[in-house]
$ cat query12.txt   # compact mmCIF, C-alpha atoms
# COMPACT_ATOMS: atom_id res chain seq x y z
CA MET R 1 -12.00 40.71 -2.06
CA ALA R 2 -11.60 41.24 -5.77
CA SER R 3 -10.72 37.57 -6.19
CA HIS R 4 -13.89 36.63 -4.33
CA ALA R 5 -15.91 38.80 -6.68
CA ALA R 6 -14.15 37.18 -9.59
CA ALA R 7 -14.90 33.78 -8.08
CA ALA R 8 -18.55 34.73 -7.72
CA SER R 9 -18.61 35.79 -11.33
CA HIS R 10 -16.82 32.61 -12.35
CA GLY R 11 -19.40 30.61 -10.41
CA ALA R 12 -22.16 32.21 -12.40
CA VAL R 13 -20.43 31.36 -15.65
CA ALA R 14 -19.97 27.80 -14.47
CA GLY R 15 -23.67 27.53 -13.91
CA HIS R 16 -23.70 27.63 -10.10
CA ASP R 17 -26.40 29.43 -8.22
CA ASP R 18 -25.54 33.11 -8.37
CA GLY R 19 -27.18 33.90 -5.09
CA HIS R 20 -25.32 31.11 -3.33
CA ALA R 21 -22.02 32.27 -4.78
CA HIS R 22 -22.57 35.82 -3.61
CA HIS R 23 -24.46 35.47 -0.32
CA HIS R 24 -22.90 33.02 2.13
CA HIS R 25 -25.10 31.48 4.79
CA THR R 26 -24.14 33.13 8.04
CA THR R 27 -25.64 33.03 11.51
CA THR R 28 -26.49 36.72 11.32
CA GLY R 29 -27.75 36.60 7.76
CA LEU R 30 -25.24 39.34 6.99
CA ASP R 31 -22.14 39.08 4.85
CA HIS R 32 -19.03 38.54 6.97
CA ARG R 33 -17.01 40.94 4.85
CA LYS R 34 -19.34 43.83 5.62
CA ILE R 35 -19.35 43.00 9.32
CA ALA R 36 -15.55 42.87 9.17
CA ILE R 37 -15.19 46.30 7.55
CA TRP R 38 -17.52 47.86 10.13
CA ALA R 39 -15.56 46.20 12.96
CA PHE R 40 -12.33 47.46 11.37
CA ILE R 41 -13.77 50.98 11.12
CA GLY R 42 -14.75 50.75 14.78
CA SER R 43 -11.17 49.85 15.70
CA GLU R 44 -9.91 52.71 13.55
CA CYS R 45 -12.06 55.08 15.63
CA MET R 46 -9.96 54.06 18.62
CA LEU R 47 -6.68 54.58 16.74
CA PHE R 48 -7.57 58.09 15.63
CA ALA R 49 -9.03 58.92 19.04
CA SER R 50 -5.63 58.15 20.59
CA LEU R 51 -3.81 60.31 18.03
CA ILE R 52 -6.28 63.19 18.39
CA SER R 53 -6.08 62.94 22.22
CA THR R 54 -2.30 63.13 22.07
CA TYR R 55 -2.45 66.21 19.86
CA LEU R 56 -4.96 67.95 22.13
CA ILE R 57 -3.11 67.06 25.35
CA TYR R 58 0.13 68.58 24.02
CA LYS R 59 -1.59 71.54 22.38
CA GLY R 60 -0.03 74.79 23.59
CA LYS R 61 2.83 72.97 25.38
CA SER R 62 5.51 73.59 22.73
CA LEU R 63 8.46 75.57 24.10
CA VAL R 64 9.72 76.76 20.72
CA GLY R 65 7.95 77.68 17.47
CA PRO R 66 6.68 77.63 14.84
CA PHE R 67 3.23 77.55 16.38
CA PRO R 68 -0.03 76.69 14.60
CA HIS R 69 -2.04 79.86 15.18
CA THR R 70 0.30 82.42 16.74
CA GLU R 71 3.50 84.19 15.77
CA TYR R 72 6.81 83.17 17.37
CA VAL R 73 10.09 85.11 17.65
CA ASP R 74 13.18 83.05 18.50
CA ALA R 75 16.23 84.16 20.52
CA ALA R 76 17.97 85.37 17.36
CA GLY R 77 14.99 87.60 16.53
CA LYS R 78 13.76 85.43 13.67
CA VAL R 79 10.01 85.74 13.24
CA PHE R 80 7.93 82.65 12.54
CA LYS R 81 4.42 83.36 11.25
CA PRO R 82 1.47 81.14 12.30
CA ILE R 83 2.20 78.03 10.31
CA LEU R 84 -1.23 76.63 9.46
CA ASP R 85 -2.45 77.66 6.02
CA ILE R 86 -6.24 77.66 6.40
CA PRO R 87 -7.14 78.59 2.78
CA VAL R 88 -5.07 75.70 1.39
CA THR R 89 -6.43 73.23 3.95
CA SER R 90 -9.99 74.44 3.32
CA ALA R 91 -9.49 73.68 -0.37
CA SER R 92 -8.15 70.19 0.40
CA THR R 93 -11.08 69.60 2.77
CA PHE R 94 -13.50 70.53 0.00
CA VAL R 95 -11.67 68.14 -2.35
CA LEU R 96 -12.02 65.26 0.12
CA LEU R 97 -15.73 66.03 0.69
CA MET R 98 -16.31 65.95 -3.07
CA SER R 99 -14.42 62.65 -3.29
CA SER R 100 -16.99 61.17 -0.90
CA LEU R 101 -19.76 62.36 -3.24
CA ALA R 102 -17.95 60.74 -6.19
CA MET R 103 -17.61 57.53 -4.16
CA VAL R 104 -21.35 57.18 -3.43
CA LEU R 105 -22.06 57.90 -7.07
CA ALA R 106 -19.59 55.15 -8.04
CA LEU R 107 -21.44 52.70 -5.80
CA GLN R 108 -24.76 53.82 -7.25
CA ALA R 109 -23.38 53.40 -10.79
CA VAL R 110 -22.44 49.78 -10.01
CA GLN R 111 -25.93 49.16 -8.57
CA LEU R 112 -27.59 50.67 -11.67
CA LYS R 113 -25.50 48.70 -14.18
CA GLY R 114 -27.58 46.61 -16.51
CA GLN R 115 -30.70 48.72 -16.03
CA PRO R 116 -31.93 50.22 -19.29
CA ILE R 117 -31.26 53.92 -19.84
CA PRO R 118 -34.57 55.69 -20.57
CA ALA R 119 -34.93 57.05 -24.09
CA GLY R 120 -33.92 60.69 -24.29
CA ALA R 121 -32.01 60.49 -21.02
CA GLY R 122 -29.76 63.47 -20.36
CA TRP R 123 -26.00 63.45 -19.71
CA TRP R 124 -26.51 63.24 -15.95
CA THR R 125 -28.56 60.05 -16.20
CA ARG R 126 -25.89 58.56 -18.47
CA ALA R 127 -23.09 59.76 -16.19
CA GLN R 128 -24.79 58.13 -13.21
CA ARG R 129 -24.33 54.74 -14.93
CA SER R 130 -20.56 55.18 -15.40
CA SER R 131 -18.78 53.49 -12.50
CA GLN R 132 -15.41 54.06 -14.20
CA LEU R 133 -16.04 57.81 -14.27
CA TRP R 134 -16.87 58.03 -10.56
CA LEU R 135 -14.22 55.57 -9.39
CA GLY R 136 -11.62 57.48 -11.43
CA MET R 137 -12.93 60.79 -10.10
CA THR R 138 -12.74 59.55 -6.49
CA ALA R 139 -9.16 58.30 -6.95
CA LEU R 140 -8.18 61.56 -8.66
CA LEU R 141 -9.69 63.69 -5.88
CA GLY R 142 -7.98 61.50 -3.27
CA ALA R 143 -4.66 61.93 -5.06
CA THR R 144 -5.29 65.69 -5.19
CA PHE R 145 -5.83 65.70 -1.43
CA LEU R 146 -2.50 63.89 -1.03
CA GLY R 147 -0.89 66.51 -3.26
CA PHE R 148 -2.23 69.25 -0.96
CA GLN R 149 -0.82 67.35 2.03
CA ALA R 150 2.58 66.92 0.37
CA TYR R 151 2.62 70.66 -0.37
CA GLU R 152 1.66 71.45 3.23
CA PHE R 153 4.28 69.13 4.74
CA THR R 154 7.11 70.41 2.53
CA SER R 155 6.20 74.05 3.15
CA PHE R 156 6.14 73.38 6.92
CA VAL R 157 9.59 71.79 6.77
CA ARG R 158 10.88 74.77 4.74
CA GLU R 159 9.48 77.10 7.40
CA GLY R 160 11.29 75.17 10.13
CA LEU R 161 8.69 72.76 11.49
CA THR R 162 9.68 69.09 11.48
CA LEU R 163 8.68 66.02 13.44
CA LYS R 164 11.42 66.88 15.98
CA THR R 165 11.05 70.67 16.25
CA ASN R 166 8.48 70.77 19.05
CA LEU R 167 5.47 68.95 20.51
CA PHE R 168 3.19 70.55 17.95
CA GLY R 169 5.33 69.24 15.08
CA SER R 170 5.52 65.73 16.56
CA THR R 171 1.81 65.37 17.20
CA PHE R 172 0.69 67.21 14.07
CA PHE R 173 2.83 65.19 11.63
CA THR R 174 1.95 61.91 13.38
CA LEU R 175 -1.81 62.55 13.27
CA THR R 176 -2.05 63.99 9.75
CA GLY R 177 0.62 61.56 8.48
CA PHE R 178 -1.41 58.57 9.68
CA HIS R 179 -4.48 60.05 8.01
CA GLY R 180 -2.52 60.63 4.80
CA ALA R 181 -1.34 56.99 4.89
CA HIS R 182 -4.99 55.91 5.11
CA VAL R 183 -5.88 58.13 2.14
CA THR R 184 -2.97 56.58 0.19
CA VAL R 185 -4.30 53.07 0.89
CA GLY R 186 -7.75 54.23 -0.20
CA VAL R 187 -6.44 55.65 -3.48
CA LEU R 188 -4.61 52.38 -4.23
CA TRP R 189 -7.78 50.44 -3.39
CA LEU R 190 -9.85 52.66 -5.70
CA MET R 191 -7.32 52.30 -8.51
CA SER R 192 -7.46 48.50 -8.17
CA LEU R 193 -11.28 48.65 -8.42
CA LEU R 194 -10.97 50.91 -11.45
CA TRP R 195 -8.57 48.43 -13.04
CA ILE R 196 -11.03 45.56 -12.40
CA ASP R 197 -13.84 47.67 -13.86
CA ARG R 198 -11.80 48.42 -16.99
CA THR R 199 -10.68 44.81 -17.51
CA ARG R 200 -13.73 42.67 -16.75
CA GLY R 201 -16.32 45.27 -15.76
CA LEU R 202 -18.01 45.66 -12.38
CA THR R 203 -21.61 44.45 -12.21
CA PRO R 204 -24.38 44.74 -9.57
CA LYS R 205 -23.04 41.42 -8.21
CA ASP R 206 -19.90 43.35 -7.19
CA GLU R 207 -21.90 45.88 -5.18
CA LEU R 208 -20.52 44.64 -1.87
CA VAL R 209 -16.92 44.83 -3.11
CA VAL R 210 -17.42 48.50 -4.00
CA ASP R 211 -19.49 49.16 -0.86
CA ILE R 212 -16.68 47.95 1.40
CA CYS R 213 -14.18 50.24 -0.32
CA ALA R 214 -16.72 53.09 -0.10
CA LEU R 215 -17.17 52.58 3.65
CA TYR R 216 -13.40 52.80 4.16
CA TRP R 217 -13.20 55.91 1.98
CA HIS R 218 -16.04 57.70 3.78
CA PHE R 219 -14.46 56.83 7.12
CA VAL R 220 -11.22 58.49 5.98
CA ASP R 221 -13.38 61.51 5.09
CA VAL R 222 -15.11 61.71 8.49
CA VAL R 223 -11.77 61.47 10.27
CA TRP R 224 -10.60 64.48 8.25
CA ILE R 225 -13.80 66.35 9.17
CA ALA R 226 -12.79 65.94 12.84
CA ILE R 227 -9.12 66.78 12.19
CA PHE R 228 -9.97 69.93 10.19
CA THR R 229 -12.02 71.35 13.05
CA LEU R 230 -9.91 70.22 16.00
CA ILE R 231 -6.46 70.96 14.59
CA TYR R 232 -6.94 73.70 12.01
CA LEU R 233 -9.93 75.80 13.07
CA ILE R 234 -10.05 75.67 16.87
CA GLN R 235 -7.36 78.01 18.16
CA MET L 1 -30.26 29.31 14.61
CA SER L 2 -32.10 30.63 11.65
CA HIS L 3 -30.39 30.69 8.31
CA ASP L 4 -32.94 33.00 6.77
CA HIS L 5 -31.31 35.96 5.12
CA LYS L 6 -32.56 39.15 6.63
CA PRO L 7 -32.19 42.17 4.41
CA ALA L 8 -28.89 43.80 5.33
CA GLU L 9 -30.05 47.21 4.27
CA HIS L 10 -32.95 49.11 2.83
CA ALA L 11 -33.03 51.14 -0.36
CA HIS L 12 -30.22 53.70 -0.63
CA PRO L 13 -30.93 57.38 -1.29
CA SER L 14 -31.14 58.74 -4.82
CA GLY L 15 -28.43 60.65 -6.67
CA ALA L 16 -30.32 63.88 -5.98
CA THR L 17 -30.14 63.19 -2.22
CA TYR L 18 -26.38 62.63 -2.49
CA LEU L 19 -26.00 65.98 -4.29
CA LYS L 20 -28.08 67.74 -1.60
CA VAL L 21 -25.93 66.15 1.12
CA ALA L 22 -22.76 67.37 -0.67
CA ALA L 23 -24.23 70.89 -0.87
CA ILE L 24 -25.04 70.86 2.86
CA LEU L 25 -21.54 69.61 3.74
CA THR L 26 -19.98 72.32 1.58
CA LEU L 27 -22.20 75.00 3.13
CA ILE L 28 -21.27 73.97 6.68
CA THR L 29 -17.56 73.96 5.74
CA VAL L 30 -17.88 77.45 4.22
CA ILE L 31 -19.55 78.70 7.43
CA GLU L 32 -16.78 77.14 9.56
CA VAL L 33 -14.00 78.76 7.53
CA TRP L 34 -15.84 82.09 7.32
CA ALA L 35 -16.23 82.14 11.13
CA TYR L 36 -12.48 81.48 11.50
CA TYR L 37 -11.74 84.85 9.84
CA ILE L 38 -14.10 86.94 11.99
CA PRO L 39 -12.12 88.02 15.11
CA ALA L 40 -15.27 88.91 17.04
CA LEU L 41 -16.56 85.38 16.54
CA VAL L 42 -13.21 83.73 17.34
CA SER L 43 -13.00 85.57 20.66
CA SER L 44 -16.54 84.55 21.58
CA PRO L 45 -16.91 81.71 24.12
CA LEU L 46 -19.40 80.15 21.72
CA PHE L 47 -16.87 79.86 18.88
CA ASN L 48 -15.33 76.50 19.81
CA PRO L 49 -18.63 74.82 20.78
CA SER L 50 -20.18 76.07 17.52
CA LEU L 51 -17.33 74.60 15.48
CA LEU L 52 -17.61 71.30 17.33
CA ILE L 53 -21.36 71.16 16.70
CA MET L 54 -20.91 71.91 12.99
CA SER L 55 -18.15 69.30 12.73
CA ALA L 56 -20.31 66.72 14.53
CA ALA L 57 -23.17 67.52 12.15
CA LYS L 58 -20.93 66.95 9.10
CA PHE L 59 -19.61 63.74 10.65
CA ALA L 60 -23.15 62.47 11.30
CA ILE L 61 -24.40 63.43 7.82
CA VAL L 62 -21.57 61.52 6.09
CA VAL L 63 -22.05 58.46 8.31
CA LEU L 64 -25.85 58.40 7.97
CA PHE L 65 -26.19 59.15 4.26
CA TYR L 66 -22.91 58.35 2.49
CA MET L 67 -22.06 55.33 4.67
CA HIS L 68 -25.78 54.42 4.61
CA LEU L 69 -25.84 53.73 8.34
CA LYS L 70 -29.30 55.33 8.50
CA TYR L 71 -30.58 52.57 6.23
CA ASP L 72 -28.33 49.71 7.33
CA HIS L 73 -28.69 46.78 9.70
CA LYS L 74 -28.61 47.52 13.45
CA LEU L 75 -25.54 45.32 13.89
CA PHE L 76 -23.53 47.67 11.67
CA LYS L 77 -24.85 50.63 13.67
CA ALA L 78 -23.71 48.93 16.88
CA LEU L 79 -20.30 48.05 15.44
CA PHE L 80 -19.69 51.71 14.62
CA THR L 81 -21.43 53.65 17.37
CA GLY L 82 -20.10 51.42 20.17
CA PRO L 83 -16.39 52.05 19.46
CA LEU L 84 -17.18 55.68 18.53
CA ILE L 85 -18.71 56.28 21.98
CA VAL L 86 -15.72 54.58 23.66
CA ALA L 87 -13.30 56.62 21.50
CA THR L 88 -15.06 59.91 22.28
CA GLY L 89 -15.17 59.01 25.97
CA THR L 90 -11.46 58.20 25.89
CA ILE L 91 -10.65 61.61 24.38
CA PHE L 92 -12.67 63.42 27.06
CA ALA L 93 -11.23 61.24 29.86
CA LEU L 94 -7.65 61.93 28.75
CA LEU L 95 -8.31 65.67 28.36
CA PHE L 96 -9.80 65.69 31.86
CA LEU L 97 -6.89 63.62 33.24
CA PHE L 98 -4.34 66.05 31.79
CA ALA L 99 -6.36 69.06 33.00
CA LYS L 100 -7.10 70.32 29.48
CA ILE L 101 -10.75 70.48 30.48
CA THR L 102 -12.13 70.98 33.98
CA LEU L 103 -15.50 70.60 35.60
$ encode --input "query12.txt" --output "C-alpha cells"
Amino acid sequence: MASHAAAASHGAVAGHDDGHAHHHHTTTGLDHRKIAIWAFIGSECMLFASLISTYLIYKGKSLVGPFPHTEYVDAAGKVFKPILDIPVTSASTFVLLMSSLAMVLALQAVQLKGQPIPAGAGWWTRAQRSSQLWLGMTALLGATFLGFQAYEFTSFVREGLTLKTNLFGSTFFTLTGFHGAHVTVGVLWLMSLLWIDRTRGLTPKDELVVDICALYWHFVDVVWIAIFTLIYLIQ
Amino acid sequence: MSHDHKPAEHAHPSGATYLKVAAILTLITVIEVWAYYIPALVSSPLFNPSLLIMSAAKFAIVVLFYMHLKYDHKLFKALFTGPLIVATGTIFALLFLFAKITL
C-alpha cells in the first residue's frame, strides 16, 4: 500500500499523469483497494460474530470461578470477587473512542494538506492540518488501550483466571485477545504511516492509503463497542 | 462496460461534525456505565435491551460518520451491511439453537 503510494508519487515526479497513477481504471469505477478493505471488514464481522456467539453461548456455564459479575467461594472457602473491572474498562473504552476521533482528524489533515491556512487562523485550524499530530495521537491512544488490556489480563491471571480456569476464562481471553491482536496490528500500521509522513510527507494523493488504515481502525473500534456492552455491561 | 469514474464518495463531514460525534459517543458511553451502577435499573427487564440499543446506536454512528459509510458508494454499503446482517443473524441463530434465547 505504502509502496503503491510511493509509486504514485514517483510517477508524478517522472511526469506521468497523476490521475492515472492514482486512479486505476476498474469496471466499477472504484479503487480495488477500497473495495478490498470493505470486503475484508465484512469477513471480519463474521469472525467476531463467531467469537461473540461462543462467549454468549457459554456465558453462565462455568462450574468454577472467578466469575465476571458475581462472587464465587471455592471449596476451601476462598472468596473470589467479581472479576470484571468496569471503571478501568470504561476508561479504556473512552480511550479507543477518542482514538477514532484522532483517526478521522488525521485523514482530514491529509486531505487538507497543501491548502493555504487563512491569515490569523487559530491553533485549532493549524492543528487540523497536522497529519503527524493526529496519526501519532491515534497510535498513542491505541497503545494506551493495549496497556489497559495488558493490565487487565495480568490482574485477572493474578486473581486466578486464566485461559484454562473455566469456560468464562477461555471465551473471554479468546475474544478480547483476538481484538487486542487487531488493535496491535492497527497500531503498527499507524506507526508505519507516521514514519512515511515524517520521511517523505503524506499528501492529498495519499488520501486513500490513510483512508484504508482509518477504516480498519474504526472497525476495531466498533467491535470494541459491541464487546464492551455484551461482555462487560450486560450481566 | 463503462470506464467512466463515478465518484466513490461525497464530501466528508467537517471537523466540527467529528467533534460533535465524539461528544455524542462519549455521552452514550457515560449513560451506559452510569446505568450499570444503578441496581434498580440493572434489575429492570428493560436494562439489557436499553444497553443493546445504545450500543447499536454507537456502532451505527461510528460506521456512518467516522467510516463515512453515510457518504460512500452503495457498493461499500453492501459489502459491509451484507456480512453484518449475516453475522448478526448467525449470533441470534446460535443463541436460539443453544437455548440462550427462546421465542
$ residues_around --input "query12.txt" --residues "Tyr66 of chain L" --least-positions-apart "3" --cutoff "9 Å" --atoms "all atoms listed in the file" --output "PyMOL selection string"
(chain R and resi 100-101+103-104+214-215+218) or (chain L and resi 13+18+21+61-63+69)
$ residues_around --input "query12.txt" --residues "segment 22-33 of chain L" --least-positions-apart "4" --cutoff "8 Å" --atoms "all atoms listed in the file" --output "PyMOL selection string"
(chain R and resi 86+90+94+97-98+101+233) or (chain L and resi 18+37+51+54+58+61)
$ write_last_selection --input "query12.txt" --atoms "C-alpha atoms" --output "mmCIF file, keeping the file's coordinate frame"
data_model
loop_
_atom_site.group_PDB
_atom_site.id
_atom_site.type_symbol
_atom_site.label_atom_id
_atom_site.label_comp_id
_atom_site.auth_asym_id
_atom_site.auth_seq_id
_atom_site.Cartn_x
_atom_site.Cartn_y
_atom_site.Cartn_z
ATOM 1 C CA ILE R 86 -6.240 77.660 6.400
ATOM 2 C CA SER R 90 -9.990 74.440 3.320
ATOM 3 C CA PHE R 94 -13.500 70.530 0.000
ATOM 4 C CA LEU R 97 -15.730 66.030 0.690
ATOM 5 C CA MET R 98 -16.310 65.950 -3.070
ATOM 6 C CA LEU R 101 -19.760 62.360 -3.240
ATOM 7 C CA LEU R 233 -9.930 75.800 13.070
ATOM 8 C CA TYR L 18 -26.380 62.630 -2.490
ATOM 9 C CA TYR L 37 -11.740 84.850 9.840
ATOM 10 C CA LEU L 51 -17.330 74.600 15.480
ATOM 11 C CA MET L 54 -20.910 71.910 12.990
ATOM 12 C CA LYS L 58 -20.930 66.950 9.100
ATOM 13 C CA ILE L 61 -24.400 63.430 7.820
#
$ closest_atom_pairs --input "query12.txt" --of "chain L" --to "chain R" --cutoff "9 Å" --atoms "only C-alpha atoms" --output "CSV"
residue,atom,partner,partner_atom,distance
L:Met1,CA,R:Thr27,CA,6.7
L:Ser2,CA,R:Thr27,CA,6.9
L:His3,CA,R:Thr27,CA,6.2
L:Asp4,CA,R:Gly29,CA,6.4
L:His5,CA,R:Gly29,CA,4.5
L:Lys6,CA,R:Gly29,CA,5.6
L:Pro7,CA,R:Gly29,CA,7.9
L:Ala8,CA,R:Leu30,CA,6.0
L:His12,CA,R:Gln108,CA,8.6
L:Ser14,CA,R:Gln108,CA,8.4
L:Gly15,CA,R:Leu105,CA,6.9
L:Tyr18,CA,R:Leu101,CA,6.7
L:Leu19,CA,R:Leu101,CA,7.3
L:Val21,CA,R:Leu101,CA,8.5
L:Ala22,CA,R:Leu101,CA,6.4
L:Leu25,CA,R:Leu97,CA,7.5
L:Thr26,CA,R:Phe94,CA,6.9
L:Thr29,CA,R:Phe94,CA,7.8
L:Val30,CA,R:Ser90,CA,8.5
L:Glu32,CA,R:Leu233,CA,7.8
L:Val33,CA,R:Ser90,CA,7.2
L:Tyr36,CA,R:Leu233,CA,6.4
L:Val42,CA,R:Gln235,CA,8.2
L:Phe47,CA,R:Ile234,CA,8.3
L:Asn48,CA,R:Ile234,CA,6.1
L:Leu51,CA,R:Thr229,CA,6.7
L:Leu52,CA,R:Thr229,CA,7.0
L:Met54,CA,R:Thr229,CA,8.9
L:Ser55,CA,R:Ala226,CA,6.3
L:Ala56,CA,R:Ala226,CA,7.7
L:Lys58,CA,R:Ile225,CA,7.2
L:Phe59,CA,R:Val222,CA,5.4
L:Ala60,CA,R:Val222,CA,8.6
L:Val62,CA,R:Val222,CA,6.9
L:Val63,CA,R:His218,CA,7.6
L:Tyr66,CA,R:Val104,CA,6.2
L:Met67,CA,R:Leu215,CA,5.7
L:His68,CA,R:Leu215,CA,8.9
L:His73,CA,R:Leu30,CA,8.6
L:Leu75,CA,R:Ile35,CA,8.0
L:Phe76,CA,R:Trp38,CA,6.2
L:Lys77,CA,R:Trp38,CA,8.6
L:Leu79,CA,R:Ala39,CA,5.7
L:Phe80,CA,R:Gly42,CA,5.0
L:Thr81,CA,R:Gly42,CA,7.7
L:Gly82,CA,R:Gly42,CA,7.6
L:Pro83,CA,R:Gly42,CA,5.1
L:Leu84,CA,R:Cys45,CA,5.9
L:Val86,CA,R:Met46,CA,7.7
L:Ala87,CA,R:Met46,CA,5.1
L:Thr88,CA,R:Ala49,CA,6.9
L:Thr90,CA,R:Ala49,CA,7.3
L:Ile91,CA,R:Ser53,CA,5.2
L:Phe92,CA,R:Ser53,CA,8.2
L:Leu94,CA,R:Ser53,CA,6.8
L:Leu95,CA,R:Ile57,CA,6.2
L:Phe98,CA,R:Ile57,CA,6.6
L:Ala99,CA,R:Ile57,CA,8.5
L:Lys100,CA,R:Ile57,CA,6.6
$ write_last_selection --input "query12.txt" --atoms "C-alpha atoms" --output "PDB file, keeping the file's coordinate frame"
ATOM      1  CA  MET L   1     -30.260  29.310  14.610  1.00  0.00           C
ATOM      2  CA  SER L   2     -32.100  30.630  11.650  1.00  0.00           C
ATOM      3  CA  HIS L   3     -30.390  30.690   8.310  1.00  0.00           C
ATOM      4  CA  ASP L   4     -32.940  33.000   6.770  1.00  0.00           C
ATOM      5  CA  HIS L   5     -31.310  35.960   5.120  1.00  0.00           C
ATOM      6  CA  LYS L   6     -32.560  39.150   6.630  1.00  0.00           C
ATOM      7  CA  PRO L   7     -32.190  42.170   4.410  1.00  0.00           C
ATOM      8  CA  ALA L   8     -28.890  43.800   5.330  1.00  0.00           C
ATOM      9  CA  HIS L  12     -30.220  53.700  -0.630  1.00  0.00           C
ATOM     10  CA  SER L  14     -31.140  58.740  -4.820  1.00  0.00           C
ATOM     11  CA  GLY L  15     -28.430  60.650  -6.670  1.00  0.00           C
ATOM     12  CA  TYR L  18     -26.380  62.630  -2.490  1.00  0.00           C
ATOM     13  CA  LEU L  19     -26.000  65.980  -4.290  1.00  0.00           C
ATOM     14  CA  VAL L  21     -25.930  66.150   1.120  1.00  0.00           C
ATOM     15  CA  ALA L  22     -22.760  67.370  -0.670  1.00  0.00           C
ATOM     16  CA  LEU L  25     -21.540  69.610   3.740  1.00  0.00           C
ATOM     17  CA  THR L  26     -19.980  72.320   1.580  1.00  0.00           C
ATOM     18  CA  THR L  29     -17.560  73.960   5.740  1.00  0.00           C
ATOM     19  CA  VAL L  30     -17.880  77.450   4.220  1.00  0.00           C
ATOM     20  CA  GLU L  32     -16.780  77.140   9.560  1.00  0.00           C
ATOM     21  CA  VAL L  33     -14.000  78.760   7.530  1.00  0.00           C
ATOM     22  CA  TYR L  36     -12.480  81.480  11.500  1.00  0.00           C
ATOM     23  CA  VAL L  42     -13.210  83.730  17.340  1.00  0.00           C
ATOM     24  CA  PHE L  47     -16.870  79.860  18.880  1.00  0.00           C
ATOM     25  CA  ASN L  48     -15.330  76.500  19.810  1.00  0.00           C
ATOM     26  CA  LEU L  51     -17.330  74.600  15.480  1.00  0.00           C
ATOM     27  CA  LEU L  52     -17.610  71.300  17.330  1.00  0.00           C
ATOM     28  CA  MET L  54     -20.910  71.910  12.990  1.00  0.00           C
ATOM     29  CA  SER L  55     -18.150  69.300  12.730  1.00  0.00           C
ATOM     30  CA  ALA L  56     -20.310  66.720  14.530  1.00  0.00           C
ATOM     31  CA  LYS L  58     -20.930  66.950   9.100  1.00  0.00           C
ATOM     32  CA  PHE L  59     -19.610  63.740  10.650  1.00  0.00           C
ATOM     33  CA  ALA L  60     -23.150  62.470  11.300  1.00  0.00           C
ATOM     34  CA  VAL L  62     -21.570  61.520   6.090  1.00  0.00           C
ATOM     35  CA  VAL L  63     -22.050  58.460   8.310  1.00  0.00           C
ATOM     36  CA  TYR L  66     -22.910  58.350   2.490  1.00  0.00           C
ATOM     37  CA  MET L  67     -22.060  55.330   4.670  1.00  0.00           C
ATOM     38  CA  HIS L  68     -25.780  54.420   4.610  1.00  0.00           C
ATOM     39  CA  HIS L  73     -28.690  46.780   9.700  1.00  0.00           C
ATOM     40  CA  LEU L  75     -25.540  45.320  13.890  1.00  0.00           C
ATOM     41  CA  PHE L  76     -23.530  47.670  11.670  1.00  0.00           C
ATOM     42  CA  LYS L  77     -24.850  50.630  13.670  1.00  0.00           C
ATOM     43  CA  LEU L  79     -20.300  48.050  15.440  1.00  0.00           C
ATOM     44  CA  PHE L  80     -19.690  51.710  14.620  1.00  0.00           C
ATOM     45  CA  THR L  81     -21.430  53.650  17.370  1.00  0.00           C
ATOM     46  CA  GLY L  82     -20.100  51.420  20.170  1.00  0.00           C
ATOM     47  CA  PRO L  83     -16.390  52.050  19.460  1.00  0.00           C
ATOM     48  CA  LEU L  84     -17.180  55.680  18.530  1.00  0.00           C
ATOM     49  CA  VAL L  86     -15.720  54.580  23.660  1.00  0.00           C
ATOM     50  CA  ALA L  87     -13.300  56.620  21.500  1.00  0.00           C
ATOM     51  CA  THR L  88     -15.060  59.910  22.280  1.00  0.00           C
ATOM     52  CA  THR L  90     -11.460  58.200  25.890  1.00  0.00           C
ATOM     53  CA  ILE L  91     -10.650  61.610  24.380  1.00  0.00           C
ATOM     54  CA  PHE L  92     -12.670  63.420  27.060  1.00  0.00           C
ATOM     55  CA  LEU L  94      -7.650  61.930  28.750  1.00  0.00           C
ATOM     56  CA  LEU L  95      -8.310  65.670  28.360  1.00  0.00           C
ATOM     57  CA  PHE L  98      -4.340  66.050  31.790  1.00  0.00           C
ATOM     58  CA  ALA L  99      -6.360  69.060  33.000  1.00  0.00           C
ATOM     59  CA  LYS L 100      -7.100  70.320  29.480  1.00  0.00           C
TER      60      LYS L 100
END
$ residues_near_point --input "query12.txt" --point "(12.1, 76.1, 7.4)" --cutoff "12 Å" --atoms "all atoms listed in the file" --output "PyMOL selection string"
chain R and resi 65-66+78-81+83+153-162+165
$ write_last_selection --input "query12.txt" --atoms "C-alpha atoms" --output "short mmCIF file (atom, residue, chain, number, x, y, z; two decimals), in the frame of the given file"
data_model
loop_
_atom_site.label_atom_id
_atom_site.label_comp_id
_atom_site.auth_asym_id
_atom_site.auth_seq_id
_atom_site.Cartn_x
_atom_site.Cartn_y
_atom_site.Cartn_z
CA GLY R 65 7.95 77.68 17.47
CA PRO R 66 6.68 77.63 14.84
CA LYS R 78 13.76 85.43 13.67
CA VAL R 79 10.01 85.74 13.24
CA PHE R 80 7.93 82.65 12.54
CA LYS R 81 4.42 83.36 11.25
CA ILE R 83 2.20 78.03 10.31
CA PHE R 153 4.28 69.13 4.74
CA THR R 154 7.11 70.41 2.53
CA SER R 155 6.20 74.05 3.15
CA PHE R 156 6.14 73.38 6.92
CA VAL R 157 9.59 71.79 6.77
CA ARG R 158 10.88 74.77 4.74
CA GLU R 159 9.48 77.10 7.40
CA GLY R 160 11.29 75.17 10.13
CA LEU R 161 8.69 72.76 11.49
CA THR R 162 9.68 69.09 11.48
CA THR R 165 11.05 70.67 16.25
#
$ residues_around --input "query12.txt" --residues "Val185 of chain R" --least-positions-apart "2" --cutoff "12 Å" --atoms "only C-alpha atoms" --output "number ranges by chain"
R: 139, 142-143, 146, 178-183, 187-192, 213, 216-217, 220
$ closest_atom_pairs --input "query12.txt" --of "segment 84-191 of chain R" --to "segment 196-204 of chain R" --cutoff "9 Å" --atoms "all atoms listed in the file" --output "CSV"
residue,atom,partner,partner_atom,distance
R:Ala109,CA,R:Pro204,CA,8.8
R:Val110,CA,R:Pro204,CA,5.4
R:Gln111,CA,R:Pro204,CA,4.8
R:Leu112,CA,R:Pro204,CA,7.1
R:Lys113,CA,R:Thr203,CA,6.1
R:Gly114,CA,R:Thr203,CA,7.7
R:Ser131,CA,R:Asp197,CA,7.8
R:Gln132,CA,R:Asp197,CA,6.6
R:Met191,CA,R:Ile196,CA,8.6
